[in-house]
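As stored in model.cif (mmCIF, C-alpha atoms):
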```cif
data_target
loop_
_atom_site.group_PDB
_atom_site.id
_atom_site.type_symbol
_atom_site.label_atom_id
_atom_site.label_comp_id
_atom_site.auth_asym_id
_atom_site.auth_seq_id
_atom_site.Cartn_x
_atom_site.Cartn_y
_atom_site.Cartn_z
ATOM 1 C CA MET A 13 9.957 13.910 -12.097
ATOM 2 C CA ILE A 14 10.188 11.625 -9.054
ATOM 3 C CA ARG A 15 8.309 13.154 -6.110
ATOM 4 C CA SER A 16 8.765 11.671 -2.663
ATOM 5 C CA PHE A 17 8.393 12.666 0.976
ATOM 6 C CA SER A 18 10.324 11.927 4.143
ATOM 7 C CA GLU A 19 9.990 12.016 7.921
ATOM 8 C CA LYS A 20 11.280 15.595 7.815
ATOM 9 C CA THR A 21 8.609 16.783 5.363
ATOM 10 C CA PHE A 22 5.645 14.559 6.270
ATOM 11 C CA ARG A 23 4.030 16.669 9.004
ATOM 12 C CA ARG A 24 4.595 19.868 7.049
ATOM 13 C CA ILE A 25 2.809 18.379 4.036
ATOM 14 C CA CYS A 26 -0.055 17.261 6.288
ATOM 15 C CA ASN A 27 -0.415 20.831 7.543
ATOM 16 C CA GLN A 28 -0.302 22.232 4.009
ATOM 17 C CA LEU A 29 -3.070 19.844 2.960
ATOM 18 C CA GLY A 30 -5.093 20.898 5.987
ATOM 19 C CA LYS A 31 -4.861 24.536 4.911
ATOM 20 C CA ARG A 32 -6.068 23.603 1.419
ATOM 21 C CA ASP A 33 -8.867 21.227 2.415
ATOM 22 C CA PRO A 34 -11.104 21.927 5.442
ATOM 23 C CA HIS A 35 -12.194 18.276 5.609
ATOM 24 C CA LEU A 36 -8.601 17.106 5.985
ATOM 25 C CA ALA A 37 -8.036 19.906 8.492
ATOM 26 C CA GLY A 38 -10.944 18.502 10.507
ATOM 27 C CA VAL A 39 -9.290 15.091 10.643
ATOM 28 C CA LEU A 40 -6.001 16.601 11.826
ATOM 29 C CA ASP A 41 -7.813 18.662 14.475
ATOM 30 C CA ALA A 42 -9.807 15.674 15.726
ATOM 31 C CA TYR A 43 -7.203 12.904 15.568
ATOM 32 C CA GLY A 44 -3.811 14.563 15.148
ATOM 33 C CA HIS A 45 -1.290 13.750 12.446
ATOM 34 C CA PRO A 46 -1.391 10.261 10.925
ATOM 35 C CA PRO A 47 1.496 7.840 11.295
ATOM 36 C CA MET A 48 3.905 7.892 8.383
ATOM 37 C CA TRP A 49 3.433 4.273 7.392
ATOM 38 C CA THR A 50 6.603 2.785 5.887
ATOM 39 C CA ARG A 51 8.024 -0.597 4.919
ATOM 40 C CA THR A 52 11.452 -1.741 3.799
ATOM 41 C CA ASN A 53 12.224 -2.222 0.120
ATOM 42 C CA SER A 54 12.343 -6.005 0.295
ATOM 43 C CA PHE A 55 10.867 -9.233 -0.999
ATOM 44 C CA GLU A 56 9.195 -9.659 2.374
ATOM 45 C CA SER A 57 7.386 -6.319 2.031
ATOM 46 C CA LEU A 58 6.001 -7.256 -1.371
ATOM 47 C CA VAL A 59 4.885 -10.644 -0.041
ATOM 48 C CA HIS A 60 3.130 -8.812 2.800
ATOM 49 C CA ILE A 61 1.293 -6.554 0.337
ATOM 50 C CA ILE A 62 0.231 -9.558 -1.773
ATOM 51 C CA LEU A 63 -1.074 -11.262 1.372
ATOM 52 C CA GLU A 64 -3.105 -8.123 2.140
ATOM 53 C CA GLN A 65 -5.009 -8.325 -1.140
ATOM 54 C CA GLN A 66 -8.751 -8.589 -0.398
ATOM 55 C CA VAL A 67 -8.349 -9.760 3.219
ATOM 56 C CA SER A 68 -8.124 -8.028 6.592
ATOM 57 C CA LEU A 69 -4.805 -6.565 7.697
ATOM 58 C CA ALA A 70 -4.847 -8.909 10.704
ATOM 59 C CA SER A 71 -5.249 -12.011 8.510
ATOM 60 C CA ALA A 72 -2.433 -10.922 6.216
ATOM 61 C CA LEU A 73 -0.114 -10.236 9.145
ATOM 62 C CA ALA A 74 -0.887 -13.648 10.664
ATOM 63 C CA ALA A 75 0.064 -15.347 7.376
ATOM 64 C CA LEU A 76 3.225 -13.273 7.076
ATOM 65 C CA LYS A 77 4.327 -14.189 10.593
ATOM 66 C CA LYS A 78 3.654 -17.870 9.898
ATOM 67 C CA LEU A 79 5.810 -17.698 6.764
ATOM 68 C CA GLN A 80 8.560 -15.889 8.650
ATOM 69 C CA ASP A 81 8.562 -18.463 11.431
ATOM 70 C CA TYR A 82 8.334 -21.443 9.074
ATOM 71 C CA THR A 83 11.145 -20.317 6.755
ATOM 72 C CA GLY A 84 13.381 -18.784 9.421
ATOM 73 C CA GLY A 85 13.921 -15.923 7.004
ATOM 74 C CA LEU A 86 11.512 -14.922 4.281
ATOM 75 C CA THR A 87 13.549 -14.825 1.063
ATOM 76 C CA PRO A 88 12.805 -15.741 -2.563
ATOM 77 C CA GLU A 89 14.953 -18.850 -2.159
ATOM 78 C CA SER A 90 13.194 -20.013 1.013
ATOM 79 C CA ILE A 91 9.762 -19.549 -0.579
ATOM 80 C CA LEU A 92 10.684 -21.596 -3.652
ATOM 81 C CA LYS A 93 11.613 -24.529 -1.400
ATOM 82 C CA LEU A 94 8.152 -24.726 0.195
ATOM 83 C CA GLN A 95 5.565 -27.287 -0.860
ATOM 84 C CA ASP A 96 1.887 -26.413 -1.295
ATOM 85 C CA THR A 97 0.990 -28.106 1.982
ATOM 86 C CA GLU A 98 3.597 -26.054 3.831
ATOM 87 C CA MET A 99 2.313 -22.783 2.394
ATOM 88 C CA ARG A 100 -1.263 -23.766 3.182
ATOM 89 C CA ALA A 101 -0.165 -24.379 6.784
ATOM 90 C CA CYS A 102 0.951 -20.740 6.766
ATOM 91 C CA TYR A 103 -2.570 -19.600 5.769
ATOM 92 C CA VAL A 104 -1.581 -18.837 2.164
ATOM 93 C CA SER A 105 -4.347 -19.458 -0.380
ATOM 94 C CA ARG A 106 -3.668 -21.474 -3.514
ATOM 95 C CA GLN A 107 -4.017 -18.348 -5.658
ATOM 96 C CA LYS A 108 -1.556 -16.342 -3.588
ATOM 97 C CA MET A 109 0.921 -19.240 -3.618
ATOM 98 C CA VAL A 110 1.142 -18.717 -7.375
ATOM 99 C CA TYR A 111 1.619 -14.971 -7.000
ATOM 100 C CA ILE A 112 4.282 -15.230 -4.284
ATOM 101 C CA ARG A 113 6.218 -17.958 -6.092
ATOM 102 C CA GLY A 114 6.095 -15.916 -9.302
ATOM 103 C CA LEU A 115 7.533 -12.924 -7.469
ATOM 104 C CA ALA A 116 10.222 -15.115 -5.885
ATOM 105 C CA ALA A 117 11.179 -16.629 -9.252
ATOM 106 C CA ALA A 118 11.396 -13.171 -10.850
ATOM 107 C CA MET A 119 13.770 -12.008 -8.136
ATOM 108 C CA VAL A 120 15.933 -15.134 -8.195
ATOM 109 C CA SER A 121 16.261 -14.941 -11.995
ATOM 110 C CA GLY A 122 17.074 -11.229 -11.928
ATOM 111 C CA VAL A 123 13.964 -10.243 -13.895
ATOM 112 C CA LEU A 124 13.020 -8.034 -10.944
ATOM 113 C CA ASP A 125 15.638 -6.102 -8.970
ATOM 114 C CA LEU A 126 14.225 -4.032 -6.113
ATOM 115 C CA ARG A 127 17.512 -2.279 -5.412
ATOM 116 C CA GLY A 128 17.162 0.083 -8.368
ATOM 117 C CA MET A 129 13.503 0.957 -7.860
ATOM 118 C CA HIS A 130 14.224 4.216 -5.985
ATOM 119 C CA GLN A 131 15.709 5.669 -9.154
ATOM 120 C CA LEU A 132 12.817 4.778 -11.469
ATOM 121 C CA PRO A 133 9.705 6.873 -12.192
ATOM 122 C CA ASP A 134 6.338 5.614 -10.949
ATOM 123 C CA GLY A 135 5.153 4.547 -14.404
ATOM 124 C CA ILE A 136 8.147 2.308 -15.078
ATOM 125 C CA ILE A 137 7.836 0.689 -11.648
ATOM 126 C CA ARG A 138 4.157 0.041 -12.335
ATOM 127 C CA GLU A 139 4.998 -1.616 -15.666
ATOM 128 C CA LYS A 140 7.661 -3.837 -14.104
ATOM 129 C CA LEU A 141 5.521 -5.004 -11.203
ATOM 130 C CA THR A 142 2.212 -5.457 -13.033
ATOM 131 C CA SER A 143 3.979 -7.697 -15.547
ATOM 132 C CA LEU A 144 4.064 -10.292 -12.747
ATOM 133 C CA LYS A 145 1.005 -12.468 -12.166
ATOM 134 C CA GLY A 146 -1.128 -11.341 -9.239
ATOM 135 C CA ILE A 147 0.371 -7.884 -8.915
ATOM 136 C CA GLY A 148 -2.128 -5.237 -9.937
ATOM 137 C CA ASN A 149 -2.442 -1.498 -9.496
ATOM 138 C CA TRP A 150 -3.488 -1.645 -5.833
ATOM 139 C CA THR A 151 -0.398 -3.679 -4.911
ATOM 140 C CA VAL A 152 1.825 -1.270 -6.839
ATOM 141 C CA ASP A 153 0.135 1.743 -5.219
ATOM 142 C CA VAL A 154 0.854 0.397 -1.724
ATOM 143 C CA TYR A 155 4.457 -0.405 -2.699
ATOM 144 C CA LEU A 156 4.980 3.103 -4.094
ATOM 145 C CA MET A 157 3.391 4.752 -1.059
ATOM 146 C CA PHE A 158 4.753 2.676 1.830
ATOM 147 C CA VAL A 159 8.091 1.470 0.488
ATOM 148 C CA LEU A 160 9.302 4.235 -1.826
ATOM 149 C CA GLN A 161 7.399 7.142 -0.211
ATOM 150 C CA ARG A 162 6.214 8.407 -3.579
ATOM 151 C CA ALA A 163 4.253 11.564 -2.880
ATOM 152 C CA ASP A 164 1.420 11.673 -5.366
ATOM 153 C CA ILE A 165 -0.486 8.363 -5.339
ATOM 154 C CA PHE A 166 -4.218 7.966 -4.729
ATOM 155 C CA PRO A 167 -5.132 4.256 -4.514
ATOM 156 C CA VAL A 168 -8.632 4.398 -5.958
ATOM 157 C CA GLY A 169 -8.889 0.611 -5.560
ATOM 158 C CA ASP A 170 -8.420 0.790 -1.789
ATOM 159 C CA LEU A 171 -11.769 0.374 -0.021
ATOM 160 C CA ALA A 172 -10.664 1.977 3.248
ATOM 161 C CA ALA A 173 -9.383 5.115 1.506
ATOM 162 C CA VAL A 174 -12.442 5.369 -0.742
ATOM 163 C CA ASN A 175 -14.910 4.789 2.105
ATOM 164 C CA ALA A 176 -13.116 7.346 4.257
ATOM 165 C CA LEU A 177 -13.248 9.877 1.418
ATOM 166 C CA ARG A 178 -16.954 9.260 0.887
ATOM 167 C CA ARG A 179 -17.727 9.599 4.588
ATOM 168 C CA LEU A 180 -15.510 12.635 5.121
ATOM 169 C CA LYS A 181 -16.992 14.581 2.224
ATOM 170 C CA ALA A 182 -20.524 13.149 2.575
ATOM 171 C CA LEU A 183 -20.477 11.673 -0.923
ATOM 172 C CA HIS A 184 -23.139 9.340 -2.292
ATOM 173 C CA ARG A 185 -22.163 5.681 -2.513
ATOM 174 C CA GLU A 186 -22.893 5.961 -6.218
ATOM 175 C CA THR A 187 -20.104 8.535 -6.648
ATOM 176 C CA SER A 188 -18.144 7.265 -9.635
ATOM 177 C CA ARG A 189 -14.521 6.195 -9.692
ATOM 178 C CA ASP A 190 -13.748 9.100 -12.033
ATOM 179 C CA ASP A 191 -15.346 11.569 -9.621
ATOM 180 C CA LEU A 192 -13.313 10.176 -6.721
ATOM 181 C CA ILE A 193 -10.126 10.530 -8.768
ATOM 182 C CA ALA A 194 -11.119 14.111 -9.634
ATOM 183 C CA ILE A 195 -11.643 14.977 -5.969
ATOM 184 C CA ALA A 196 -8.287 13.455 -5.038
ATOM 185 C CA ALA A 197 -6.621 15.454 -7.829
ATOM 186 C CA ASN A 198 -7.172 18.562 -5.703
ATOM 187 C CA TRP A 199 -4.522 17.211 -3.309
ATOM 188 C CA ALA A 200 -1.806 16.889 -5.957
ATOM 189 C CA PRO A 201 1.176 16.731 -5.753
ATOM 190 C CA HIS A 202 0.696 15.173 -2.294
ATOM 191 C CA ARG A 203 -2.090 12.641 -2.787
ATOM 192 C CA THR A 204 -0.175 9.952 -0.880
ATOM 193 C CA VAL A 205 -0.042 12.025 2.298
ATOM 194 C CA ALA A 206 -3.713 12.984 1.868
ATOM 195 C CA THR A 207 -4.527 9.265 1.603
ATOM 196 C CA MET A 208 -2.651 8.596 4.832
ATOM 197 C CA ILE A 209 -4.832 11.246 6.477
ATOM 198 C CA LEU A 210 -7.886 9.412 5.095
ATOM 199 C CA TRP A 211 -6.644 6.084 6.488
ATOM 200 C CA HIS A 212 -5.966 7.780 9.821
ATOM 201 C CA TYR A 213 -9.529 9.089 9.832
ATOM 202 C CA TYR A 214 -10.927 5.671 8.897
ATOM 203 C CA LEU A 215 -9.015 3.841 11.629
ATOM 204 C CA SER A 216 -9.495 6.487 14.320
ATOM 205 C CA ALA A 217 -13.225 6.882 13.720
ATOM 206 C CA LYS A 218 -13.609 3.078 13.724
ATOM 207 C CA GLU A 219 -11.708 2.879 17.012
ATOM 208 C CA ARG A 220 -14.002 5.448 18.596
ATOM 209 C CA GLY A 221 -17.024 3.539 17.329
#
```
Could you quickly redo this structure as structure tokens?
Amino acid sequence: MIRSFSEKTFRRICNQLGKRDPHLAGVLDAYGHPPMWTRTNSFESLVHIILEQQVSLASALAALKKLQDYTGGLTPESILKLQDTEMRACYVSRQKMVYIRGLAAAMVSGVLDLRGMHQLPDGIIREKLTSLKGIGNWTVDVYLMFVLQRADIFPVGDLAAVNALRRLKALHRETSRDDLIAIAANWAPHRTVATMILWHYYLSAKERG
């Protein structure tokens, strides 16, 4: 079954999670509802997520904007025309050049077609995307959550979400990955929305110092 959420259901799901989990309720009381983060189902969105791997959001956005400005339109075809020196001038590392070009080639050849992704279950989407070099589970998780609004994803590889969960529930830093997944399972079938509450907590608490 494909589970998703929408602008109409997002706040209601947040409130339901708050009733089930007092820690999430505390975040909603202190900081309000989180934004419903979304991105378009496009090559550009996947490039953005790849750029975000293991760097700050600000650094990734700076590289994305450079690529947009340099190409005049970030498409698979425009990326495949760029030389290494041009991509480096856009703050793209050598490793991520390989990943982004591989994604572009897959889309140009028809190996990957984003238009049909909405109709596919999470597992099939994960198989298709992770078959491409440089796209791992974290990248797929963000794509499923932000682009397709799939409802029940907990990105255990996301440091901000994990650190927010640890802080919110006063967990030891040694808390295992399996234990974190087990805690997040209590939010099913709306783990994506719960994660957005965690991110909201992480960013809001950081802002307040």
As an mmCIF file with C-alpha atoms, in the frame of the given file, please: the residues near Met208 in chain A (cut-off 7 Å, only C-alpha atoms, same-chain neighbours under 4 positions excluded).
```
data_model
loop_
_atom_site.group_PDB
_atom_site.id
_atom_site.type_symbol
_atom_site.label_atom_id
_atom_site.label_comp_id
_atom_site.auth_asym_id
_atom_site.auth_seq_id
_atom_site.Cartn_x
_atom_site.Cartn_y
_atom_site.Cartn_z
ATOM 1 C CA PRO A 46 -1.391 10.261 10.925
ATOM 2 C CA THR A 204 -0.175 9.952 -0.880
ATOM 3 C CA HIS A 212 -5.966 7.780 9.821
#
```
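Considering the residues A:Val205, A:Val104, A:Leu40, A:Ala163 and counting only C-alpha atoms, Val67 in chain A has its shortest atom-to-atom contact with A:Val104.
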Residues near Lys145 in chain A, anyone? I mean within 10 Å using all atoms listed in the file, not counting same-chain ones fewer than 5 positions away, as a PDB file with C-alpha atoms, in the coordinates of the input.
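File written: out_23.pdb
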```pdb
ATOM      1  CA  LYS A 108      -1.556 -16.342  -3.588  1.00  0.00           C
ATOM      2  CA  VAL A 110       1.142 -18.717  -7.375  1.00  0.00           C
ATOM      3  CA  TYR A 111       1.619 -14.971  -7.000  1.00  0.00           C
ATOM      4  CA  ILE A 112       4.282 -15.230  -4.284  1.00  0.00           C
ATOM      5  CA  ARG A 113       6.218 -17.958  -6.092  1.00  0.00           C
ATOM      6  CA  GLY A 114       6.095 -15.916  -9.302  1.00  0.00           C
ATOM      7  CA  LEU A 115       7.533 -12.924  -7.469  1.00  0.00           C
TER       8      LEU A 115
END
```
Selection result for the PyMOL selection byres ((chain A and resi 103) around 9) on this file, as number ranges by chain: A: 71-72, 74-76, 78-79, 99-102, 104-105
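If all atoms listed in the file are the atoms counted, then among A:Gly128, A:Val159, A:Ala200, A:Ala42 the closest residue to Ala217 in chain A is A:Ala42.
Nearest residue to Arg32 in chain A, choosing from A:Asn198, A:Asn149, A:Asn175, A:Gln107 and counting only C-alpha atoms: A:Asn198.
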Report as a PyMOL selection string all protein, DNA and RNA residues lying within 10 Å of Leu36 in chain A, evaluated on all atoms listed in the file, omitting residues in the same chain fewer than 5 positions from it. chain A and resi 26-31+41-42+177+180-181+206-207+209-210+213
Just so the selection is clear, what residues does the PyMOL selection byres ((chain A and resi 132-135) around 10) cover here, as a PyMOL selection string? chain A and resi 13-15+128-131+136-140+152-153+156+160+162+164-165
With distances taken over only C-alpha atoms, which residue among A:Met109, A:Ile91, A:Val174, A:Ala37 lies nearest Glu186 in chain A? A:Val174
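Distances from A:Ser16, A:Gln95, A:Ser143, A:Asn53 to Thr83 in chain A were compared using all atoms listed in the file, and the smallest one belongs to A:Gln95.
CA of Val168 in chain A sits 12.2 Å away from CA of Thr187 in chain A.
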Could you give me the axis-aligned bounding box of range 126-134 of chain A, with 5 Å of padding per side, as centre plus edge lengths in Å to one decimal, as JSON?
```
{"center_x": 11.9, "center_y": 1.4, "center_z": -8.8, "size_x": 21.2, "size_y": 20.9, "size_z": 16.8}
```
For the file shown, report as a PDB file with C-alpha atoms, in the coordinates of the input the outcome of the PyMOL selection byres ((chain A and resi 119) around 12) at residue level.
```pdb
ATOM      1  CA  SER A  54      12.343  -6.005   0.295  1.00  0.00           C
ATOM      2  CA  PHE A  55      10.867  -9.233  -0.999  1.00  0.00           C
ATOM      3  CA  GLU A  56       9.195  -9.659   2.374  1.00  0.00           C
ATOM      4  CA  LEU A  58       6.001  -7.256  -1.371  1.00  0.00           C
ATOM      5  CA  THR A  87      13.549 -14.825   1.063  1.00  0.00           C
ATOM      6  CA  PRO A  88      12.805 -15.741  -2.563  1.00  0.00           C
ATOM      7  CA  GLU A  89      14.953 -18.850  -2.159  1.00  0.00           C
ATOM      8  CA  ILE A  91       9.762 -19.549  -0.579  1.00  0.00           C
ATOM      9  CA  LEU A  92      10.684 -21.596  -3.652  1.00  0.00           C
ATOM     10  CA  ILE A 112       4.282 -15.230  -4.284  1.00  0.00           C
ATOM     11  CA  ARG A 113       6.218 -17.958  -6.092  1.00  0.00           C
ATOM     12  CA  GLY A 114       6.095 -15.916  -9.302  1.00  0.00           C
ATOM     13  CA  LEU A 115       7.533 -12.924  -7.469  1.00  0.00           C
ATOM     14  CA  ALA A 116      10.222 -15.115  -5.885  1.00  0.00           C
ATOM     15  CA  ALA A 117      11.179 -16.629  -9.252  1.00  0.00           C
ATOM     16  CA  ALA A 118      11.396 -13.171 -10.850  1.00  0.00           C
ATOM     17  CA  VAL A 120      15.933 -15.134  -8.195  1.00  0.00           C
ATOM     18  CA  SER A 121      16.261 -14.941 -11.995  1.00  0.00           C
ATOM     19  CA  GLY A 122      17.074 -11.229 -11.928  1.00  0.00           C
ATOM     20  CA  VAL A 123      13.964 -10.243 -13.895  1.00  0.00           C
ATOM     21  CA  LEU A 124      13.020  -8.034 -10.944  1.00  0.00           C
ATOM     22  CA  ASP A 125      15.638  -6.102  -8.970  1.00  0.00           C
ATOM     23  CA  LEU A 126      14.225  -4.032  -6.113  1.00  0.00           C
ATOM     24  CA  ARG A 127      17.512  -2.279  -5.412  1.00  0.00           C
ATOM     25  CA  LYS A 140       7.661  -3.837 -14.104  1.00  0.00           C
ATOM     26  CA  LEU A 141       5.521  -5.004 -11.203  1.00  0.00           C
ATOM     27  CA  LEU A 144       4.064 -10.292 -12.747  1.00  0.00           C
TER      28      LEU A 144
END
```
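Atom pair CA of Asp33 in chain A / CA of Phe166 in chain A has a distance of 15.8 Å (rounded to one decimal).
The two atoms in question, CA of Thr21 in chain A and CA of Gly169 in chain A, are spaced 26.2 Å apart.
Nearest residue to Thr52 in chain A, choosing from A:Ala176, A:Val39, A:Gln161, A:His202 and counting all atoms listed in the file: A:Gln161.
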Pull range 77-108 of chain A out of the block and emit N, CA and C atoms, as a short mmCIF file (atom, residue, chain, number, x, y, z; two decimals), in the first residue's frame.
```cif
data_model
loop_
_atom_site.label_atom_id
_atom_site.label_comp_id
_atom_site.auth_asym_id
_atom_site.auth_seq_id
_atom_site.Cartn_x
_atom_site.Cartn_y
_atom_site.Cartn_z
N LYS A 77 22.63 26.65 -6.72
CA LYS A 77 22.40 27.93 -7.37
C LYS A 77 23.47 28.23 -8.42
N LYS A 78 24.71 27.85 -8.12
CA LYS A 78 25.79 28.03 -9.10
C LYS A 78 25.51 27.22 -10.36
N LEU A 79 25.09 25.97 -10.17
CA LEU A 79 24.77 25.11 -11.31
C LEU A 79 23.59 25.68 -12.11
N GLN A 80 22.59 26.15 -11.40
CA GLN A 80 21.43 26.74 -12.08
C GLN A 80 21.85 27.94 -12.92
N ASP A 81 22.65 28.81 -12.32
CA ASP A 81 23.08 30.02 -13.03
C ASP A 81 23.98 29.67 -14.22
N TYR A 82 24.88 28.72 -14.01
CA TYR A 82 25.87 28.38 -15.03
C TYR A 82 25.21 27.72 -16.24
N THR A 83 24.23 26.83 -15.96
CA THR A 83 23.60 26.08 -17.06
C THR A 83 22.44 26.85 -17.68
N GLY A 84 21.87 27.80 -16.93
CA GLY A 84 20.69 28.49 -17.43
C GLY A 84 19.46 27.63 -17.41
N GLY A 85 19.55 26.50 -16.77
CA GLY A 85 18.44 25.54 -16.67
C GLY A 85 19.01 24.17 -16.39
N LEU A 86 18.82 23.72 -15.16
CA LEU A 86 19.48 22.49 -14.71
C LEU A 86 18.72 21.27 -15.21
N THR A 87 19.22 20.68 -16.28
CA THR A 87 18.61 19.50 -16.89
C THR A 87 19.68 18.42 -17.06
N PRO A 88 19.26 17.17 -17.28
CA PRO A 88 20.27 16.12 -17.54
C PRO A 88 21.17 16.48 -18.71
N GLU A 89 20.58 17.04 -19.76
CA GLU A 89 21.35 17.37 -20.96
C GLU A 89 22.38 18.47 -20.67
N SER A 90 21.97 19.49 -19.90
CA SER A 90 22.90 20.59 -19.62
C SER A 90 24.04 20.13 -18.72
N ILE A 91 23.77 19.20 -17.82
CA ILE A 91 24.83 18.68 -16.94
C ILE A 91 25.85 17.88 -17.74
N LEU A 92 25.38 17.08 -18.68
CA LEU A 92 26.29 16.22 -19.45
C LEU A 92 27.20 17.02 -20.38
N LYS A 93 26.88 18.28 -20.60
CA LYS A 93 27.73 19.14 -21.44
C LYS A 93 28.86 19.80 -20.65
N LEU A 94 28.77 19.77 -19.32
CA LEU A 94 29.76 20.47 -18.50
C LEU A 94 31.06 19.69 -18.36
N GLN A 95 32.17 20.41 -18.39
CA GLN A 95 33.48 19.83 -18.13
C GLN A 95 33.72 19.80 -16.62
N ASP A 96 34.73 19.02 -16.22
CA ASP A 96 35.07 18.94 -14.79
C ASP A 96 35.36 20.32 -14.21
N THR A 97 36.12 21.12 -14.94
CA THR A 97 36.50 22.44 -14.43
C THR A 97 35.27 23.33 -14.22
N GLU A 98 34.29 23.18 -15.08
CA GLU A 98 33.06 23.97 -14.95
C GLU A 98 32.26 23.53 -13.73
N MET A 99 32.20 22.23 -13.49
CA MET A 99 31.47 21.74 -12.32
C MET A 99 32.19 22.10 -11.03
N ARG A 100 33.52 22.07 -11.09
CA ARG A 100 34.29 22.46 -9.90
C ARG A 100 34.05 23.94 -9.59
N ALA A 101 33.91 24.76 -10.63
CA ALA A 101 33.63 26.18 -10.43
C ALA A 101 32.26 26.40 -9.78
N CYS A 102 31.42 25.38 -9.85
CA CYS A 102 30.10 25.43 -9.21
C CYS A 102 30.10 24.73 -7.85
N TYR A 103 31.29 24.53 -7.29
CA TYR A 103 31.46 23.95 -5.96
C TYR A 103 31.06 22.47 -5.88
N VAL A 104 31.11 21.77 -7.00
CA VAL A 104 30.75 20.35 -7.00
C VAL A 104 32.02 19.52 -6.86
N SER A 105 32.08 18.64 -5.87
CA SER A 105 33.26 17.81 -5.66
C SER A 105 33.40 16.79 -6.78
N ARG A 106 34.61 16.26 -6.91
CA ARG A 106 34.85 15.27 -7.97
C ARG A 106 33.94 14.05 -7.80
N GLN A 107 33.75 13.63 -6.56
CA GLN A 107 32.90 12.46 -6.30
C GLN A 107 31.45 12.73 -6.72
N LYS A 108 30.95 13.89 -6.37
CA LYS A 108 29.56 14.20 -6.69
C LYS A 108 29.36 14.49 -8.17
#
```
